[in-house]
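Q: Dropping a structure here in structure tokens format, bear with me for questions.
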There are 2 protein chains.
Amino acid sequence: MLGLLMMTSIIPAFFYDIPDILPLLYSSLITIGIGLLSYFFTRSSDFVLSKREGYFIVSAGWLIMALLGSLPFVISGHIPKLTDAFFETMSGFTTTGASILTNIEAMPEGLLFWRSMTHWIGGMGIIVLTIAIIPFLGIGGMQLFVAEVPGITPDKLHPRIRVTAMRLWAIYCIFTLLEFILLMAGGMDWFDAINHSFATMATGGFSTKNNSIAAFDSTYIHVVITIFMFIAGANFTLSYFAIAKRDLKKMFFDQEFRFYTFVIVLTGLVVAVVLVLKRGYEPGFALRDSFFTVVSLITTTGFCTKNYEEWTLFVKIIMLVLMFLGGCAGSTGGGIKMIRHRLLLINVSAEFRKLMHPRAIIPIRHNHKIVSSEIVSNVLAFFYIYMIIFIFSSLVMLALGLDFETAISAVASCLGNVGPGLGQVYPWGNYAGIPDFGKWFLSLLMLIGRLELFTVLILFSRVYWKQ
Amino acid sequence: MLGLLMMTSIIPAFFYDIPDILPLLYSSLITIGIGLLSYFFTRSSDFVLSKREGYFIVSAGWLIMALLGSLPFVISGHIPKLTDAFFETMSGFTTTGASILTNIEAMPEGLLFWRSMTHWIGGMGIIVLTIAIIPFLGIGGMQLFVAEVPGITPDKLHPRIRVTAMRLWAIYCIFTLLEFILLMAGGMDWFDAINHSFATMATGGFSTKNNSIAAFDSTYIHVVITIFMFIAGANFTLSYFAIAKRDLKKMFFDQEFRFYTFVIVLTGLVVAVVLVLKRGYEPGFALRDSFFTVVSLITTTGFCTKNYEEWTLFVKIIMLVLMFLGGCAGSTGGGIKMIRHRLLLINVSAEFRKLMHPRAIIPIRHNHKIVSSEIVSNVLAFFYIYMIIFIFSSLVMLALGLDFETAISAVASCLGNVGPGLGQVYPWGNYAGIPDFGKWFLSLLMLIGRLELFTVLILFSRVYWKQ
């Protein structure tokens with residue numbers, strides 16, 4: 001499948017740049033070949049999938065995809081070093097959008113198209129991962145959100161999951177197409193429009209321009225992309241109900257969606273006020289740029305129209321904090337995710353009640369259903385381990401000699417699958433200057449973050465190998 | 001009681017500086033007067049203490065102590081501004097050790113003695129708070145540690161608590177006396193020795209010297225203070241068993257104590273290696289300075305012998321992280337505390353097991369006893385709210401115009417009751433340059449941190465006032 005999708009990148013190569021046809025062709029043939037071999041060698045085995053294998057297959061699958069996906073960059077010689085090509089491709093498939101390219105516009109169009117497509121494929125993978133595999137593995141309270149998805153029971157893979165996945169993918173494709181049309185209507189050429197639609201719906205962030213969305217001097221385009229980033233960061237199941245079933249109520253009464261909207265509106269307004277008062281922005285532009293940036297970082301997309309590093313230190317740190325929020329569960333967004341933050345906040349407020357009424361039983365509810373204490377403890381463990389990884393990895397980056405802002409923001413950004421950060425990796429910067437070991441390490445962080453921590457980390461645990 | 005203790009500060013004033021006798025005398029008389037008035041007006045009321053009043057009394061008590069305790073500084077004119085005097089005294093009673101003084105050595109000895117004594121009184125207060133009041137209020141998993149203390153049941157104040165408190169205070173006094181003798185044996189004069197003993201045992205950090213412990217160029221003194229900081233950061237109940245009952249096993253098999261020791265040894269060695277390799281320290285001095293600083297920050301004392309800001313960026317950030325650890329429960333140390341971090345880590349590892357064995361029941365144990373899921377959820381809520389306060393307060397400090405390092409480290413340091421931080425508040429710096437609002441805000445953070453968050457925060461919650 002990956003090889004076939006890779007082959008479609010040859011189409012834009014025909015329109016623009018003939019030289020990158022052959023590398024793309026070779027790479028897709030190698031990928032198809034390896035795929036067919038593995039298929040024929042494993043087809044006959046009568047194998048019941050356990051959770052144990054589940055963790056390994058998901059993590060290894062993403063890793064192999066990143067390795068094969070980097071072939072076109074290496075073979076074409078446009079990203080000759082495997083470290084760089086792997087980083088770029090992992091960043092693509094994990095929908096992070098962190099780039100080592102110093103001059104994006106110098107890349108041939110076929111390769112740029114493939115680069116955006118890694119985002120789009122990654123986004124598709126995340127949708128099926130969230131609705132089918134993560135709940136099956138029982139990770140990080142994601143069981144919660146799937147209670148709403150028809151045909152999913154947390155204990156086994158149900159045949160209707162295939163149907164659900166198809167439906168959500170259809171919604172994903174419809175939104176991509178819609179954004180493509182709206183961007184072209186705003187004057188973007190078809191190539192840029194398709195690339196940016198891929199990157200938006202996957203909450204990825206790869207652009208075909210060195211200056212990201214700032215290259216398009218059009219409020220219309222900025223607003224369209226803001227809206228689609230917002231959609232991509234919301235739960236696709238709710239979008240499905242809203243569009244296919246015309247049931248908007250489900251979306252508007254969903255507590256995670258309300259929390260997500262509330263946080264975006266509040267932060268967007270605060271940042272806009274600072275821009276007006278401290279940076280002399282006109283109110284209209286302040287709102288446009290503030291909401292673009294806030295939505296881009298909360299949804300972990302990572303598109304930029306401005307360098308938020310220049311928006312006062314106060315705003316800069318808000319931006320860093322936003323990288324720890326993440327989109328909704330069931331979106332293509334990464335990070336800790338809104339549902340977890342909401343549960344953590346509710347748990348705090350429940351503790352206050354318990355202090356006043358020690359004998360009362362205070363259940364934690366989400367969407368009016370009681371959340372089991374196991375899920376709460378799972379979410380809390382997720383948060384604690386996220387913080388430990390962040391601190392430990394920041395120290396690793398500092399030990400490699402990076403400056404403080406680059407080190408902590410690169411880690412926060414890669415772990416949260418955002419893309420840009422501060423310092424060297426600020427909006428107009430890139431990851432090219434990170435030492436090789438750092439690039440591999442950050443690639444691993446992207447994978448860990450994308451697969452909800454536990455899926456990857458459990459492979460390094462004693463309990464996994466003891467049996 | 002506070003007034004009588006304040007009066008003892010007149011003794012050193014006699015030896016050194018006559019001018020500060022009158023301010024100390026007036027202040028203590030005012031304090032005693034207010035105390036007697038409140039006693040006679042409330043004595044007759046037949047009042048059963050509920051948890052509700054408990055929170056208010058503890059928070060208000062600390063606040064009133066800080067207000068009355070700042071009288072000598074204001075009346076003497078040595079710290080004329082109430083903002084500064086209040087900050088300094090709150091920093092004393094909460095055993096933080098953050099100072100607004102730019103020239104400590106210019107202060108008269110009577111006032112310096114009172115300043116150190118606020119630490120020592122605060123430390124005594126914390127001991128009784130931890131064994132009697134916090135478990136009674138049911139805050140943040142502190143019930144756990146008191147399971148070991150004789151005569152304490154979590155539900156009500158038992159008469160034997162008075163006995164237990166007396167015993168622990170006796171241990172506290174013995175250690176203070178012992179340190180005093182050992183410091184004098186090392187050549188410190190009696191005044192410095194008593195002040196530094198007060199500040200060490202309370203894990204406070206106020207020194208009588210501008211250069212803190214660096215003023216004493218003696219490895220012996222550095223080592224003695226390191227050892228007593230380590231003791232002050234450990235559970236006093238365990239010290240009681242070790243000394244009064246000659247039961248050292250209780251201490252060595254206590255899982256929190258082992259974790260505390262492990263973290264200190266590991267961090268101390270890592271920092272020492274960096275000092276040798278990157279800063280050219282001799283191994284002996286590297287170990288001495290590294291362990292002094294690591295113990296000082298983990299126990300939240302805040303004494304300094306070196307400027308750790310110059311110890312590479314890597315070490316500097318480790319120092320910042322240490323401020324989030326804190327001593328053991330039942331010590332005079334502040335911060336999140338070792339027992340909580342240990343539980344949080346165990347909870348993460350339990351989650352990994354659950355992922356592999358979904359149907360298994362995996363209890364969380366501390367000292368071989370099962371920890372109830374309520375306590376775990378309470379500890380987790382504590383950690384999340386600690387992080388939220390840290391981030392929110394850092395943004396407040398940034399909004400006041402402070403630089404990034406000063407803002408986040410001042411917040412981490414005050415909330416964790418440590419003292420020094422980075423930037424403006426680095427080891428040889430002070431809090432004088434923080435804007436007035438910032439000083440009041442940081443004083444509040446010290447109080448919130450010292451009283452285990454919930455005690456103060458609940459007063460701001462809706463559930464407290466609704467009834």
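For the structure tokens, the naming scheme is as follows: chains receive sequential letters (A, B, ...) according to their order of presentation, residues are indexed from 1 within each chain, and ligands are indexed from 1 in presentation order.
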Please, which residues in chain A fall within 9 Å of chain B when counting only C-alpha atoms, and what is the closest atom pair and distance in Å to one decimal for each, ordered by chain then residue number, as CSV?
A:
residue,atom,partner,partner_atom,distance
A:Lys51,CA,B:Met356,CA,7.1
A:Arg52,CA,B:Met356,CA,6.8
A:Leu137,CA,B:Leu355,CA,6.9
A:Gly138,CA,B:Leu355,CA,6.6
A:Ile139,CA,B:Leu355,CA,7.4
A:Leu313,CA,B:Leu398,CA,6.9
A:Phe314,CA,B:Leu398,CA,5.4
A:Val315,CA,B:Leu395,CA,8.7
A:Ile317,CA,B:Leu395,CA,7.4
A:Ile318,CA,B:Leu395,CA,7.6
A:Val321,CA,B:Ile391,CA,7.9
A:Leu344,CA,B:Tyr384,CA,7.1
A:Leu345,CA,B:Tyr384,CA,8.1
A:Asn347,CA,B:Ala381,CA,6.3
A:Val348,CA,B:Ala381,CA,5.1
A:Ser349,CA,B:Ala381,CA,8.7
A:Glu351,CA,B:Asn378,CA,6.4
A:Phe352,CA,B:Ile458,CA,6.4
A:Arg353,CA,B:Val463,CA,6.3
A:Lys354,CA,B:Gly138,CA,9.0
A:Leu355,CA,B:Gly138,CA,6.6
A:Met356,CA,B:Arg52,CA,6.8
A:Pro358,CA,B:Gly138,CA,8.2
A:Ser373,CA,B:Ser373,CA,8.0
A:Val376,CA,B:Ser377,CA,8.0
A:Ser377,CA,B:Ser377,CA,6.8
A:Asn378,CA,B:Glu351,CA,6.4
A:Leu380,CA,B:Leu380,CA,6.3
A:Ala381,CA,B:Val348,CA,5.1
A:Phe382,CA,B:Val348,CA,7.6
A:Phe383,CA,B:Tyr384,CA,8.2
A:Tyr384,CA,B:Leu344,CA,7.1
A:Ile385,CA,B:Val348,CA,6.9
A:Ile391,CA,B:Val321,CA,7.9
A:Ser394,CA,B:Ile317,CA,8.9
A:Leu395,CA,B:Phe314,CA,6.2
A:Val396,CA,B:Phe314,CA,8.4
A:Met397,CA,B:Phe314,CA,8.8
A:Leu398,CA,B:Phe314,CA,5.4
A:Ala399,CA,B:Phe314,CA,5.8
A:Gly401,CA,B:Phe314,CA,8.4
A:Asp403,CA,B:Leu313,CA,7.8
A:Phe404,CA,B:Leu313,CA,7.3
A:Phe454,CA,B:Phe352,CA,7.4
A:Leu457,CA,B:Phe352,CA,8.7
A:Ile458,CA,B:Phe352,CA,6.4
A:Ser461,CA,B:Phe352,CA,7.7
A:Val463,CA,B:Arg353,CA,6.3
A:Tyr464,CA,B:Met356,CA,6.9
Q: Using C-alpha atoms, can you write the selected residues to a file as a compact mmCIF listing (two decimals), in the first residue's frame?
A:
# COMPACT_ATOMS: atom_id res chain seq x y z
CA LYS A 51 -1.73 -7.47 22.87
CA ARG A 52 1.93 -8.39 23.22
CA LEU A 137 -4.45 -2.20 23.78
CA GLY A 138 -6.13 -0.14 26.51
CA ILE A 139 -3.84 2.87 26.50
CA LEU A 313 8.37 36.63 26.28
CA PHE A 314 4.97 36.14 27.90
CA VAL A 315 3.39 34.97 24.64
CA ILE A 317 6.05 30.87 26.91
CA ILE A 318 2.32 30.50 26.31
CA VAL A 321 2.84 25.56 27.05
CA LEU A 344 -6.96 15.74 35.15
CA LEU A 345 -8.69 19.02 35.96
CA ASN A 347 -9.86 14.95 39.19
CA VAL A 348 -8.34 17.96 40.97
CA SER A 349 -11.75 19.46 41.56
CA GLU A 351 -10.14 16.07 45.33
CA PHE A 352 -11.27 19.45 46.69
CA ARG A 353 -14.75 18.10 47.18
CA LYS A 354 -13.40 15.02 48.92
CA LEU A 355 -11.43 17.22 51.32
CA MET A 356 -14.64 18.94 52.34
CA PRO A 358 -14.47 12.94 53.10
CA SER A 373 -10.93 4.91 38.45
CA VAL A 376 -8.31 8.02 35.62
CA SER A 377 -5.18 6.42 37.05
CA ASN A 378 -4.11 5.48 33.52
CA LEU A 380 -2.59 10.35 35.39
CA ALA A 381 0.24 7.90 34.75
CA PHE A 382 0.29 9.13 31.16
CA PHE A 383 0.74 12.72 32.31
CA TYR A 384 3.49 11.90 34.81
CA ILE A 385 5.46 9.81 32.34
CA ILE A 391 12.63 16.47 31.45
CA SER A 394 15.65 17.94 27.59
CA LEU A 395 18.68 17.00 29.67
CA VAL A 396 19.88 14.71 26.86
CA MET A 397 19.55 17.58 24.37
CA LEU A 398 21.39 19.95 26.73
CA ALA A 399 24.15 17.38 27.13
CA GLY A 401 25.40 21.10 23.65
CA ASP A 403 21.06 25.97 24.10
CA PHE A 404 18.27 25.92 26.68
CA PHE A 454 2.88 3.32 26.21
CA LEU A 457 7.73 2.43 25.93
CA ILE A 458 6.35 -0.94 26.90
CA SER A 461 9.98 -2.48 29.91
CA VAL A 463 7.34 -6.81 32.10
CA TYR A 464 7.12 -7.01 28.29
Q: May I have the residues within 9 Å of Asp289 in chain A as a list in words, using only C-alpha atoms and disregarding those fewer than 5 positions away in the same chain?
A: His222, Ala272, Gly284, Val294, Thr305 and Lys306 of chain A
Q: Could you pull the residues within 12 Å of Leu29 in chain B, counting only C-alpha atoms, minus those fewer than 5 positions along the same chain, as a short mmCIF file (atom, residue, chain, number, x, y, z; two decimals) with all heavy atoms, in the first residue's frame?
A:
data_model
loop_
_atom_site.label_atom_id
_atom_site.label_comp_id
_atom_site.auth_asym_id
_atom_site.auth_seq_id
_atom_site.Cartn_x
_atom_site.Cartn_y
_atom_site.Cartn_z
N MET B 1 3.15 32.64 72.32
CA MET B 1 4.35 31.82 72.12
C MET B 1 5.32 32.52 71.16
O MET B 1 6.51 32.62 71.41
CB MET B 1 3.97 30.45 71.52
CG MET B 1 3.31 29.50 72.48
SD MET B 1 4.48 28.89 73.74
CE MET B 1 5.59 27.95 72.70
N LEU B 2 4.75 32.99 70.04
CA LEU B 2 5.57 33.67 69.04
C LEU B 2 6.25 34.89 69.66
O LEU B 2 7.45 35.14 69.45
CB LEU B 2 4.69 34.09 67.86
CG LEU B 2 5.41 34.65 66.64
CD1 LEU B 2 6.17 33.55 65.94
CD2 LEU B 2 4.44 35.29 65.67
N GLY B 3 5.48 35.65 70.46
CA GLY B 3 6.03 36.84 71.11
C GLY B 3 7.17 36.50 72.06
O GLY B 3 8.19 37.19 72.10
N LEU B 4 7.00 35.42 72.83
CA LEU B 4 8.04 35.01 73.77
C LEU B 4 9.30 34.59 73.03
O LEU B 4 10.42 34.97 73.42
CB LEU B 4 7.53 33.86 74.65
CG LEU B 4 6.44 34.24 75.66
CD1 LEU B 4 5.93 33.00 76.39
CD2 LEU B 4 6.99 35.26 76.68
N LEU B 5 9.11 33.84 71.95
CA LEU B 5 10.27 33.42 71.16
C LEU B 5 10.98 34.62 70.56
O LEU B 5 12.21 34.67 70.48
CB LEU B 5 9.83 32.44 70.06
CG LEU B 5 9.44 31.05 70.56
CD1 LEU B 5 8.66 30.29 69.50
CD2 LEU B 5 10.68 30.26 70.95
N MET B 6 10.15 35.60 70.14
CA MET B 6 10.72 36.80 69.55
C MET B 6 11.59 37.53 70.58
O MET B 6 12.63 38.09 70.24
CB MET B 6 9.57 37.71 69.10
CG MET B 6 9.93 38.70 68.00
SD MET B 6 8.52 39.76 67.63
CE MET B 6 7.56 38.77 66.53
N MET B 7 11.14 37.49 71.83
CA MET B 7 11.86 38.18 72.89
C MET B 7 13.26 37.59 73.10
O MET B 7 14.19 38.31 73.46
CB MET B 7 11.05 38.09 74.19
CG MET B 7 11.13 39.35 75.03
SD MET B 7 9.97 39.27 76.39
CE MET B 7 8.75 40.46 75.91
N LEU B 22 15.16 47.66 71.28
CA LEU B 22 13.82 48.24 71.43
C LEU B 22 12.83 47.75 70.37
O LEU B 22 11.72 47.32 70.72
CB LEU B 22 13.89 49.77 71.47
CG LEU B 22 14.32 50.35 72.82
CD1 LEU B 22 14.32 51.87 72.79
CD2 LEU B 22 13.40 49.85 73.96
N PRO B 23 13.19 47.78 69.09
CA PRO B 23 12.25 47.26 68.09
C PRO B 23 11.82 45.82 68.38
O PRO B 23 10.64 45.47 68.25
CB PRO B 23 13.04 47.32 66.78
CG PRO B 23 14.10 48.33 67.01
CD PRO B 23 14.39 48.34 68.48
N LEU B 24 12.78 44.99 68.80
CA LEU B 24 12.44 43.60 69.10
C LEU B 24 11.51 43.52 70.30
O LEU B 24 10.54 42.74 70.32
CB LEU B 24 13.73 42.80 69.37
CG LEU B 24 14.51 42.38 68.12
CD1 LEU B 24 15.90 41.90 68.50
CD2 LEU B 24 13.75 41.27 67.37
N ILE B 34 -1.54 40.80 71.32
CA ILE B 34 -2.55 40.30 70.38
C ILE B 34 -2.90 38.85 70.70
O ILE B 34 -4.06 38.44 70.70
CB ILE B 34 -2.05 40.44 68.92
CG1 ILE B 34 -2.01 41.93 68.55
CG2 ILE B 34 -2.94 39.67 67.95
CD1 ILE B 34 -1.46 42.21 67.18
N GLY B 35 -1.84 38.09 71.06
CA GLY B 35 -2.06 36.68 71.40
C GLY B 35 -2.94 36.54 72.62
O GLY B 35 -3.89 35.75 72.63
N LEU B 36 -2.65 37.33 73.69
CA LEU B 36 -3.44 37.23 74.93
C LEU B 36 -4.89 37.63 74.67
O LEU B 36 -5.82 36.96 75.15
CB LEU B 36 -2.82 38.11 76.03
CG LEU B 36 -1.50 37.59 76.61
CD1 LEU B 36 -0.94 38.57 77.63
CD2 LEU B 36 -1.72 36.22 77.28
N LEU B 68 2.99 39.39 62.00
CA LEU B 68 3.56 39.81 63.28
C LEU B 68 5.07 39.65 63.28
O LEU B 68 5.80 40.49 63.82
CB LEU B 68 2.93 39.00 64.42
CG LEU B 68 1.43 39.24 64.65
CD1 LEU B 68 0.89 38.27 65.70
CD2 LEU B 68 1.19 40.69 65.08
N GLY B 69 5.53 38.59 62.65
CA GLY B 69 6.98 38.33 62.61
C GLY B 69 7.75 39.39 61.85
O GLY B 69 8.96 39.55 62.04
N LEU B 71 7.20 42.56 62.12
CA LEU B 71 7.24 43.80 62.90
C LEU B 71 8.65 44.28 63.24
O LEU B 71 8.97 45.45 63.03
CB LEU B 71 6.42 43.65 64.19
CG LEU B 71 4.88 43.65 64.04
CD1 LEU B 71 4.21 43.43 65.39
CD2 LEU B 71 4.42 44.96 63.41
N PRO B 72 9.54 43.41 63.79
CA PRO B 72 10.87 43.91 64.15
C PRO B 72 11.61 44.55 62.98
O PRO B 72 12.30 45.56 63.16
CB PRO B 72 11.61 42.63 64.62
CG PRO B 72 10.54 41.70 65.02
CD PRO B 72 9.37 41.99 64.14
#
Q: Could you pull out the residues in range 142-308 of chain B that DSSP calls helix (DSSP H, G or I) from the backbone, as a ChimeraX atom specification?
A: /B:143-146,160-185,190-201,212-215,219-232,236-244,248-252,255-279,283-298,308
Q: Find, counting only C-alpha atoms, the residue in B:Lys439, B:Lys466, B:Arg450, B:Arg43 that gets nearest to Thr83 in chain B.
A: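 Result for the nearest residue to Thr83 in chain B: B:Lys439.
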Q: Quote the spacing between CA of Met251 in chain B and CA of Ile264 in chain B in Å to one decimal place.
A: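 CA of Ile264 in chain B lies 16.1 Å from CA of Met251 in chain B.
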Q: Which distance in Å separates CA of Ile161 in chain A and CA of Ile131 in chain A, to one decimal?
A: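 Between CA of Ile161 in chain A and CA of Ile131 in chain A the gap works out to 7.7 Å.
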Q: Between B:Val265, B:Ile171, B:Ile11, B:Ile364, which one has atoms that come closest to Lys245 in chain B, using only C-alpha atoms?
A: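 Selected residue with least distance to Lys245 in chain B: B:Ile171.
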